Amino acid sequence: MDIKWLKTFIVCAKLENFRQASEELFLTQPAITKHIKRLEEHLNIELFERRGKAVYLTSAGHKFLPYAKDFLANYEEGMNRFETWKQGYNRKLTIATAPQIASSFLPRLLKEFIHTNPDIEVIVDVVNSYDVGEAISSGKADLGLTRIYPVQTNVKNEKIHEEPVILVGPNEWEDSLKHEKHALSHYRLITHNHPDYWDSLLNDVKRHYPIIQTMVVNQVEVTKKFIENTLGVSYLPYSMVKDDIKKNILSEIVSDKISPPISVTYLVTKVETNEVRSFHEFIKNYLFEP
């Protein structure tokens, strides 16, 4: 029995239409028909009843469908594990992480973690900050890194880091212009690129500088590009901009009336596997060096 026959059968059973199945599987309709015919010949029973262009599962088709799904799932899981073994891995760790973290400290951390733990296959799933907790709660990921406190009650949350948020502007300004009043009075304030602190921070800014222009940009990397091109200024976690400041791409603006918030990173877990424990210890011992 060819595994392709099972894949075709499962899709046809879902859609009840060979033409639509051919589009989903990127096969010709004659190929779909051939797969089903070969599977029926192999099983020596009809799986579909044809009624014009529509097809419906026979009683045998209904009976066989869960077996086909289980067989295919076990086959794909086995092939994934075999491929993992071929690459030298015998353990796996899936990390759900927010975009702000994935584009800041995570690459450096993973480079060291993978070097220290070469037998662990690391899978990184970059999701919205609000979805990290759900990924851990549902078992889609083993460990999460997020900037907001998850609301799920069946996960464990640990505050693993706090860092300052700073006001950042383009580096082409003269030093005499690198202060809060000039920045907020003459340039747009780019907001809501962090999931946690913007509502209260924006109220504080408007209290001291009531006449300001704002621009909502929900991605940190885009925000940095906008700042670099003098489209505005923004308050960003230090880890997100420290390299850009060192390279003279962006510059820190001295705060005066505004007290910038603190950005918190949470580690989210549910089941403490050996792989989760290894990563947890590693991040505590290594990650946040000055």
# chains A, B, ... in the order shown; residues from 1 in each chain; ligands from 1
call {"tool": "residues_around", "arguments": {"residues": "Leu72 of chain A", "least_positions_apart": "6", "cutoff": "8 Å", "atoms": "only C-alpha atoms", "output": "ChimeraX atom specification"}}
result
/A:3,6-7
call {"tool": "write_last_selection", "arguments": {"atoms": "N, CA and C atoms", "output": "PDB file, in the first residue's frame"}}
result
ATOM      1  N   ILE A   3       1.718   5.120   0.667  1.00  0.00           N
ATOM      2  CA  ILE A   3       1.278   6.118   1.643  1.00  0.00           C
ATOM      3  C   ILE A   3       0.534   7.264   0.966  1.00  0.00           C
ATOM      4  N   LEU A   6      -3.231   6.836   0.965  1.00  0.00           N
ATOM      5  CA  LEU A   6      -3.910   7.199   2.208  1.00  0.00           C
ATOM      6  C   LEU A   6      -4.114   8.707   2.316  1.00  0.00           C
ATOM      7  N   LYS A   7      -3.087   9.478   1.948  1.00  0.00           N
ATOM      8  CA  LYS A   7      -3.228  10.937   1.988  1.00  0.00           C
ATOM      9  C   LYS A   7      -4.359  11.395   1.075  1.00  0.00           C
TER      10      LYS A   7
END
call {"tool": "select_by_dssp", "arguments": {"residues": "segment 40-244 of chain A", "states": "strand (DSSP E)", "output": "JSON, numbers by chain"}}
result
{"A": [48, 49, 50, 51, 54, 55, 56, 57, 91, 92, 93, 94, 95, 96, 97, 120, 121, 122, 123, 124, 125, 126, 143, 144, 145, 146, 156, 157, 158, 159, 160, 161, 162, 163, 164, 165, 166, 167, 168, 169, 170, 189, 190, 191, 214, 215, 216, 234, 235, 236, 237]}
call {"tool": "write_last_selection", "arguments": {"atoms": "C-alpha atoms", "output": "PDB file, in the first residue's frame"}}
result
ATOM      1  CA  PHE A  48     -16.632   5.926  -2.037  1.00  0.00           C
ATOM      2  CA  GLU A  49     -20.032   6.064  -3.647  1.00  0.00           C
ATOM      3  CA  ARG A  50     -20.056   8.261  -6.743  1.00  0.00           C
ATOM      4  CA  ARG A  51     -23.060  10.509  -7.364  1.00  0.00           C
ATOM      5  CA  ALA A  54     -19.858  14.407  -5.687  1.00  0.00           C
ATOM      6  CA  VAL A  55     -18.467  11.432  -3.786  1.00  0.00           C
ATOM      7  CA  TYR A  56     -19.564  10.061  -0.438  1.00  0.00           C
ATOM      8  CA  LEU A  57     -17.964   7.587   1.908  1.00  0.00           C
ATOM      9  CA  ARG A  91      15.748  15.082  22.272  1.00  0.00           C
ATOM     10  CA  LYS A  92      13.485  17.948  21.223  1.00  0.00           C
ATOM     11  CA  LEU A  93      12.500  21.328  22.696  1.00  0.00           C
ATOM     12  CA  THR A  94       9.823  23.559  21.164  1.00  0.00           C
ATOM     13  CA  ILE A  95       9.972  27.201  22.230  1.00  0.00           C
ATOM     14  CA  ALA A  96       7.094  29.641  21.681  1.00  0.00           C
ATOM     15  CA  THR A  97       8.392  33.174  21.756  1.00  0.00           C
ATOM     16  CA  ILE A 120      18.569  18.664  21.527  1.00  0.00           C
ATOM     17  CA  GLU A 121      16.611  19.641  18.427  1.00  0.00           C
ATOM     18  CA  VAL A 122      15.328  23.179  19.048  1.00  0.00           C
ATOM     19  CA  ILE A 123      12.165  24.323  17.274  1.00  0.00           C
ATOM     20  CA  VAL A 124      11.250  28.011  17.542  1.00  0.00           C
ATOM     21  CA  ASP A 125       7.643  29.112  17.013  1.00  0.00           C
ATOM     22  CA  VAL A 126       7.354  32.916  16.827  1.00  0.00           C
ATOM     23  CA  LEU A 143       8.465  26.449  26.914  1.00  0.00           C
ATOM     24  CA  GLY A 144       7.514  30.061  26.279  1.00  0.00           C
ATOM     25  CA  LEU A 145       9.216  33.442  26.424  1.00  0.00           C
ATOM     26  CA  THR A 146       6.946  36.475  26.521  1.00  0.00           C
ATOM     27  CA  LYS A 156       3.737  28.290  35.430  1.00  0.00           C
ATOM     28  CA  ASN A 157       5.165  31.779  34.999  1.00  0.00           C
ATOM     29  CA  GLU A 158       8.505  33.022  36.206  1.00  0.00           C
ATOM     30  CA  LYS A 159       9.837  36.544  35.869  1.00  0.00           C
ATOM     31  CA  ILE A 160      13.359  35.931  34.601  1.00  0.00           C
ATOM     32  CA  HIS A 161      14.445  39.426  33.631  1.00  0.00           C
ATOM     33  CA  GLU A 162      13.716  43.114  33.966  1.00  0.00           C
ATOM     34  CA  GLU A 163      15.300  45.775  31.824  1.00  0.00           C
ATOM     35  CA  PRO A 164      14.931  49.530  31.360  1.00  0.00           C
ATOM     36  CA  VAL A 165      12.888  51.053  28.573  1.00  0.00           C
ATOM     37  CA  ILE A 166      14.581  54.037  26.968  1.00  0.00           C
ATOM     38  CA  LEU A 167      13.567  56.812  24.606  1.00  0.00           C
ATOM     39  CA  VAL A 168      15.276  56.320  21.260  1.00  0.00           C
ATOM     40  CA  GLY A 169      15.766  58.662  18.306  1.00  0.00           C
ATOM     41  CA  PRO A 170      17.793  58.808  15.094  1.00  0.00           C
ATOM     42  CA  LEU A 189       5.932  59.268  19.049  1.00  0.00           C
ATOM     43  CA  ILE A 190       5.775  55.735  17.643  1.00  0.00           C
ATOM     44  CA  THR A 191       3.591  53.688  20.002  1.00  0.00           C
ATOM     45  CA  THR A 214       1.563  59.648  17.550  1.00  0.00           C
ATOM     46  CA  MET A 215       1.908  56.771  15.118  1.00  0.00           C
ATOM     47  CA  VAL A 216       0.942  53.179  15.968  1.00  0.00           C
ATOM     48  CA  SER A 234       9.868  55.670  20.586  1.00  0.00           C
ATOM     49  CA  TYR A 235      10.316  54.023  23.970  1.00  0.00           C
ATOM     50  CA  LEU A 236      11.894  50.601  23.505  1.00  0.00           C
ATOM     51  CA  PRO A 237      13.458  47.946  25.772  1.00  0.00           C
TER      52      PRO A 237
END
call {"tool": "residues_around", "arguments": {"residues": "Ile32 of chain A", "least_positions_apart": "3", "cutoff": "9 Å", "atoms": "only C-alpha atoms", "output": "ChimeraX atom specification"}}
result
/A:5,8-9,12,18-19,21-22,25,27-29,35-37
call {"tool": "residues_around", "arguments": {"residues": "Phe282 of chain A", "least_positions_apart": "2", "cutoff": "12 Å", "atoms": "only C-alpha atoms", "output": "number ranges by chain"}}
result
A: 109-117, 160, 275-280, 284-288
call {"tool": "select_by_dssp", "arguments": {"residues": "segment 143-199 of chain A", "states": "alpha helix (DSSP H)", "output": "ChimeraX atom specification"}}
result
/A:180-186,198-199
call {"tool": "residues_around", "arguments": {"residues": "Asp196 of chain A", "least_positions_apart": "5", "cutoff": "8 Å", "atoms": "only C-alpha atoms", "output": "PyMOL selection string"}}
result
chain A and resi 147-148+263
call {"tool": "write_last_selection", "arguments": {"atoms": "N, CA and C atoms", "output": "mmCIF file, in the first residue's frame"}}
result
data_model
loop_
_atom_site.group_PDB
_atom_site.id
_atom_site.type_symbol
_atom_site.label_atom_id
_atom_site.label_comp_id
_atom_site.auth_asym_id
_atom_site.auth_seq_id
_atom_site.Cartn_x
_atom_site.Cartn_y
_atom_site.Cartn_z
ATOM 1 N N ARG A 147 6.683 38.857 26.851
ATOM 2 C CA ARG A 147 6.816 40.131 27.549
ATOM 3 C C ARG A 147 5.582 40.457 28.393
ATOM 4 N N ILE A 148 4.537 39.634 28.324
ATOM 5 C CA ILE A 148 3.350 39.886 29.131
ATOM 6 C C ILE A 148 3.033 38.665 29.981
ATOM 7 N N SER A 263 10.585 46.819 31.265
ATOM 8 C CA SER A 263 10.107 45.708 30.442
ATOM 9 C C SER A 263 10.474 44.398 31.122
#
call {"tool": "decode", "arguments": {"residues": "segment 210-236 of chain A", "atoms": "N, CA, C and O atoms", "output": "JSON list (two decimals), in the first residue's frame"}}
result
[["chain", "number", "residue", "atom", "x", "y", "z"],
["A", 210, "PRO", "N", 1.04, 67.56, 26.18],
["A", 210, "PRO", "CA", -0.33, 67.31, 25.68],
["A", 210, "PRO", "C", -0.46, 67.44, 24.16],
["A", 210, "PRO", "O", -1.37, 66.84, 23.58],
["A", 211, "ILE", "N", 0.42, 68.19, 23.53],
["A", 211, "ILE", "CA", 0.31, 68.36, 22.08],
["A", 211, "ILE", "C", 1.42, 67.55, 21.42],
["A", 211, "ILE", "O", 2.52, 68.03, 21.16],
["A", 212, "ILE", "N", 1.13, 66.30, 21.16],
["A", 212, "ILE", "CA", 2.09, 65.42, 20.47],
["A", 212, "ILE", "C", 1.36, 64.68, 19.36],
["A", 212, "ILE", "O", 0.15, 64.48, 19.40],
["A", 213, "GLN", "N", 2.13, 64.28, 18.37],
["A", 213, "GLN", "CA", 1.61, 63.43, 17.31],
["A", 213, "GLN", "C", 2.08, 62.00, 17.56],
["A", 213, "GLN", "O", 3.23, 61.79, 17.97],
["A", 214, "THR", "N", 1.20, 61.05, 17.33],
["A", 214, "THR", "CA", 1.56, 59.65, 17.55],
["A", 214, "THR", "C", 1.38, 58.84, 16.27],
["A", 214, "THR", "O", 0.64, 59.24, 15.36],
["A", 215, "MET", "N", 2.05, 57.72, 16.23],
["A", 215, "MET", "CA", 1.91, 56.77, 15.12],
["A", 215, "MET", "C", 1.99, 55.36, 15.69],
["A", 215, "MET", "O", 2.96, 55.02, 16.36],
["A", 216, "VAL", "N", 0.96, 54.56, 15.48],
["A", 216, "VAL", "CA", 0.94, 53.18, 15.97],
["A", 216, "VAL", "C", 1.69, 52.28, 14.99],
["A", 216, "VAL", "O", 1.36, 52.23, 13.80],
["A", 217, "VAL", "N", 2.70, 51.59, 15.50],
["A", 217, "VAL", "CA", 3.45, 50.60, 14.71],
["A", 217, "VAL", "C", 3.65, 49.39, 15.63],
["A", 217, "VAL", "O", 4.31, 49.50, 16.66],
["A", 218, "ASN", "N", 3.09, 48.25, 15.27],
["A", 218, "ASN", "CA", 3.05, 47.14, 16.22],
["A", 218, "ASN", "C", 4.22, 46.18, 16.13],
["A", 218, "ASN", "O", 4.18, 45.09, 16.70],
["A", 219, "GLN", "N", 5.29, 46.56, 15.43],
["A", 219, "GLN", "CA", 6.47, 45.71, 15.34],
["A", 219, "GLN", "C", 7.71, 46.51, 15.72],
["A", 219, "GLN", "O", 7.92, 47.62, 15.21],
["A", 220, "VAL", "N", 8.54, 45.95, 16.58],
["A", 220, "VAL", "CA", 9.73, 46.66, 17.05],
["A", 220, "VAL", "C", 10.72, 46.90, 15.91],
["A", 220, "VAL", "O", 11.28, 47.99, 15.78],
["A", 221, "GLU", "N", 10.96, 45.88, 15.09],
["A", 221, "GLU", "CA", 11.93, 46.04, 14.01],
["A", 221, "GLU", "C", 11.51, 47.12, 13.03],
["A", 221, "GLU", "O", 12.34, 47.88, 12.52],
["A", 222, "VAL", "N", 10.22, 47.19, 12.75],
["A", 222, "VAL", "CA", 9.72, 48.25, 11.87],
["A", 222, "VAL", "C", 9.88, 49.61, 12.55],
["A", 222, "VAL", "O", 10.26, 50.59, 11.93],
["A", 223, "THR", "N", 9.59, 49.65, 13.85],
["A", 223, "THR", "CA", 9.76, 50.89, 14.60],
["A", 223, "THR", "C", 11.19, 51.39, 14.50],
["A", 223, "THR", "O", 11.43, 52.59, 14.27],
["A", 224, "LYS", "N", 12.15, 50.52, 14.65],
["A", 224, "LYS", "CA", 13.55, 50.93, 14.59],
["A", 224, "LYS", "C", 13.90, 51.49, 13.21],
["A", 224, "LYS", "O", 14.65, 52.47, 13.10],
["A", 225, "LYS", "N", 13.38, 50.88, 12.16],
["A", 225, "LYS", "CA", 13.63, 51.39, 10.82],
["A", 225, "LYS", "C", 13.01, 52.77, 10.62],
["A", 225, "LYS", "O", 13.59, 53.65, 9.98],
["A", 226, "PHE", "N", 11.82, 52.94, 11.19],
["A", 226, "PHE", "CA", 11.15, 54.25, 11.08],
["A", 226, "PHE", "C", 11.97, 55.32, 11.81],
["A", 226, "PHE", "O", 12.12, 56.44, 11.32],
["A", 227, "ILE", "N", 12.46, 54.97, 12.99],
["A", 227, "ILE", "CA", 13.28, 55.92, 13.75],
["A", 227, "ILE", "C", 14.55, 56.25, 12.98],
["A", 227, "ILE", "O", 14.95, 57.42, 12.87],
["A", 228, "GLU", "N", 15.19, 55.24, 12.45],
["A", 228, "GLU", "CA", 16.43, 55.43, 11.68],
["A", 228, "GLU", "C", 16.22, 56.41, 10.53],
["A", 228, "GLU", "O", 17.11, 57.18, 10.17],
["A", 229, "ASN", "N", 15.01, 56.38, 9.95],
["A", 229, "ASN", "CA", 14.68, 57.26, 8.83],
["A", 229, "ASN", "C", 13.96, 58.53, 9.26],
["A", 229, "ASN", "O", 13.26, 59.16, 8.47],
["A", 230, "THR", "N", 14.13, 58.90, 10.54],
["A", 230, "THR", "CA", 13.62, 60.15, 11.14],
["A", 230, "THR", "C", 12.11, 60.31, 11.03],
["A", 230, "THR", "O", 11.60, 61.42, 10.89],
["A", 231, "LEU", "N", 11.39, 59.19, 11.08],
["A", 231, "LEU", "CA", 9.94, 59.26, 11.07],
["A", 231, "LEU", "C", 9.35, 59.43, 12.46],
["A", 231, "LEU", "O", 8.14, 59.64, 12.60],
["A", 232, "GLY", "N", 10.19, 59.33, 13.49],
["A", 232, "GLY", "CA", 9.69, 59.49, 14.84],
["A", 232, "GLY", "C", 10.67, 58.99, 15.88],
["A", 232, "GLY", "O", 11.81, 58.64, 15.57],
["A", 233, "VAL", "N", 10.19, 58.95, 17.12],
["A", 233, "VAL", "CA", 10.95, 58.44, 18.25],
["A", 233, "VAL", "C", 10.07, 57.44, 18.99],
["A", 233, "VAL", "O", 8.87, 57.39, 18.77],
["A", 234, "SER", "N", 10.67, 56.64, 19.86],
["A", 234, "SER", "CA", 9.87, 55.67, 20.59],
["A", 234, "SER", "C", 10.58, 55.21, 21.85],
["A", 234, "SER", "O", 11.80, 55.36, 21.98],
["A", 235, "TYR", "N", 9.78, 54.64, 22.75],
["A", 235, "TYR", "CA", 10.32, 54.02, 23.97],
["A", 235, "TYR", "C", 10.42, 52.52, 23.72],
["A", 235, "TYR", "O", 9.42, 51.85, 23.46],
["A", 236, "LEU", "N", 11.65, 52.00, 23.81],
["A", 236, "LEU", "CA", 11.89, 50.60, 23.51],
["A", 236, "LEU", "C", 12.76, 49.96, 24.58],
["A", 236, "LEU", "O", 13.60, 50.63, 25.20]]
